[in-house]
$ cat coords_23.pdb   # PDB, C-alpha atoms, pLDDT in the B column
ATOM      1  CA  MET A   1      94.586 112.068 175.857  1.00 74.00           C
ATOM      2  CA  LYS A   2      98.230 111.275 175.391  1.00 78.00           C
ATOM      3  CA  LYS A   3     100.663 111.553 178.242  1.00 82.00           C
ATOM      4  CA  ARG A   4     103.419 114.050 177.790  1.00 83.00           C
ATOM      5  CA  ARG A   5     106.843 112.631 178.296  1.00 84.00           C
ATOM      6  CA  GLU A   6     109.541 114.701 179.862  1.00 88.00           C
ATOM      7  CA  LYS A   7     112.674 115.045 177.801  1.00 89.00           C
ATOM      8  CA  ILE A   8     115.577 113.600 179.722  1.00 93.00           C
ATOM      9  CA  THR A   9     119.003 115.033 178.951  1.00 95.00           C
ATOM     10  CA  TYR A  10     122.399 113.883 180.124  1.00 95.00           C
ATOM     11  CA  ASN A  11     125.406 116.169 180.547  1.00 95.00           C
ATOM     12  CA  TYR A  12     128.830 114.736 179.797  1.00 94.00           C
ATOM     13  CA  GLU A  13     132.355 116.120 179.602  1.00 93.00           C
ATOM     14  CA  CYS A  14     135.156 115.121 177.234  1.00 91.00           C
ATOM     15  CA  SER A  15     137.906 113.526 179.304  1.00 86.00           C
ATOM     16  CA  LEU A  16     140.678 115.131 177.191  1.00 88.00           C
ATOM     17  CA  THR A  17     139.479 118.580 176.151  1.00 87.00           C
ATOM     18  CA  GLY A  18     136.932 119.299 178.870  1.00 89.00           C
ATOM     19  CA  GLU A  19     134.193 120.177 176.344  1.00 90.00           C
ATOM     20  CA  GLN A  20     130.640 119.853 177.661  1.00 93.00           C
ATOM     21  CA  PHE A  21     128.039 117.780 175.791  1.00 89.00           C
ATOM     22  CA  VAL A  22     124.291 117.344 176.232  1.00 92.00           C
ATOM     23  CA  THR A  23     122.696 114.193 174.853  1.00 91.00           C
ATOM     24  CA  SER A  24     119.320 112.500 175.083  1.00 92.00           C
ATOM     25  CA  VAL A  25     120.842 109.022 175.422  1.00 92.00           C
ATOM     26  CA  LYS A  26     122.569 107.717 178.516  1.00 93.00           C
ATOM     27  CA  ALA A  27     126.164 106.681 177.837  1.00 92.00           C
ATOM     28  CA  PRO A  28     127.220 103.250 179.099  1.00 93.00           C
ATOM     29  CA  ASN A  29     130.756 104.491 179.928  1.00 92.00           C
ATOM     30  CA  PRO A  30     130.694 108.271 180.444  1.00 89.00           C
ATOM     31  CA  LYS A  31     134.344 108.344 181.619  1.00 88.00           C
ATOM     32  CA  ASP A  32     135.490 107.047 178.207  1.00 88.00           C
ATOM     33  CA  LEU A  33     133.761 109.736 176.104  1.00 89.00           C
ATOM     34  CA  ILE A  34     135.919 112.022 173.987  1.00 89.00           C
ATOM     35  CA  SER A  35     135.024 114.686 171.451  1.00 88.00           C
ATOM     36  CA  VAL A  36     135.456 114.259 167.705  1.00 86.00           C
ATOM     37  CA  LYS A  37     138.259 116.835 167.788  1.00 85.00           C
ATOM     38  CA  ALA A  38     140.102 114.881 170.482  1.00 88.00           C
ATOM     39  CA  TYR A  39     139.631 111.602 168.593  1.00 90.00           C
ATOM     40  CA  TYR A  40     141.201 112.999 165.432  1.00 89.00           C
ATOM     41  CA  GLU A  41     144.076 114.468 167.446  1.00 88.00           C
ATOM     42  CA  LEU A  42     144.775 111.005 168.863  1.00 90.00           C
ATOM     43  CA  HIS A  43     144.297 109.239 165.498  1.00 91.00           C
ATOM     44  CA  PRO A  44     145.360 111.610 162.681  1.00 90.00           C
ATOM     45  CA  GLU A  45     145.695 108.696 160.235  1.00 91.00           C
ATOM     46  CA  MET A  46     141.943 108.042 160.598  1.00 91.00           C
ATOM     47  CA  ASP A  47     141.010 111.651 159.698  1.00 89.00           C
ATOM     48  CA  ASP A  48     138.933 111.227 156.536  1.00 90.00           C
ATOM     49  CA  ARG A  49     137.166 114.582 156.687  1.00 89.00           C
ATOM     50  CA  PRO A  50     137.052 116.648 153.469  1.00 91.00           C
ATOM     51  CA  ALA A  51     139.832 119.208 152.931  1.00 90.00           C
ATOM     52  CA  ILE A  52     137.338 122.086 153.219  1.00 92.00           C
ATOM     53  CA  ILE A  53     136.383 121.013 156.746  1.00 88.00           C
ATOM     54  CA  LYS A  54     140.020 120.540 157.771  1.00 87.00           C
ATOM     55  CA  LYS A  55     140.883 123.997 156.432  1.00 90.00           C
ATOM     56  CA  LYS A  56     137.927 125.568 158.271  1.00 90.00           C
ATOM     57  CA  LEU A  57     139.043 123.949 161.525  1.00 84.00           C
ATOM     58  CA  GLY A  58     142.702 124.807 160.929  1.00 84.00           C
ATOM     59  CA  VAL A  59     143.786 121.171 160.945  1.00 77.00           C
ATOM     60  CA  GLY A  60     144.936 120.855 157.327  1.00 61.00           C
ATOM     61  CA  ALA A  61     147.388 123.759 157.488  1.00 51.00           C
ATOM     62  CA  ALA A  62     149.641 122.032 160.009  1.00 51.00           C
ATOM     63  CA  ALA A  63     149.406 118.568 158.438  1.00 48.00           C
ATOM     64  CA  ALA A  64     149.787 119.536 154.753  1.00 46.00           C
ATOM     65  CA  PRO A  65     153.403 120.820 154.795  1.00 48.00           C
ATOM     66  CA  ALA A  66     154.588 117.722 156.651  1.00 46.00           C
ATOM     67  CA  GLU A  67     153.001 115.445 154.048  1.00 47.00           C
ATOM     68  CA  GLU A  68     154.486 117.433 151.122  1.00 46.00           C
ATOM     69  CA  LYS A  69     158.058 117.051 152.398  1.00 44.00           C
ATOM     70  CA  LYS A  70     157.906 113.245 152.326  1.00 43.00           C
TER      71      LYS A  70
END
$ encode --input "coords_23.pdb" --output "structure tokens"
Amino acid sequence: MKKRREKITYNYECSLTGEQFVTSVKAPNPKDLISVKAYYELHPEMDDRPAIIKKKLGVGAAAAPAEEKK
């Protein structure tokens, strides 16, 4: 018979937005974790998500007019 392994979960919180996350892997630096949303707010130039996703999240609407004026 095989032994059943308990699933271990870890609860973390985004340091900027306060969002709660549950993962199955222990983070080496839990104080440094941030959400994807927070990362893209800090680094908008790195935002390479498709326009459909940005529109769905409401991100593209604020950024598009600023880029058109340049």
$ resolve_selection --input "coords_23.pdb" --expression "the PyMOL selection byres ((chain A and resi 25-36) around 8)" --output "list in words"
Thr9, Tyr10, Tyr12, Glu13, Cys14, Ser15, Leu16, Thr17, Glu19, Thr23, Ser24, Lys37, Ala38, Tyr39 and Tyr40 of chain A
$ atom_distance --input "coords_23.pdb" --atom1 "CA of Pro44 (chain A)" --atom2 "CA of Val59 (chain A)"
9.8 Å
$ atom_distance --input "coords_23.pdb" --atom1 "CA of Gln20 (chain A)" --atom2 "CA of Ile8 (chain A)"
16.4 Å
$ atom_distance --input "coords_23.pdb" --atom1 "CA of Gly18 (chain A)" --atom2 "CA of Gly58 (chain A)"
19.6 Å
$ axis_aligned_box --input "coords_23.pdb" --around "region 21-31 of chain A" --padding-each-side "4 Å" --output "AutoDock Vina command-line options"
--center_x 126.8 --center_y 110.5 --center_z 178.2 --size_x 23.0 --size_y 22.5 --size_z 14.8
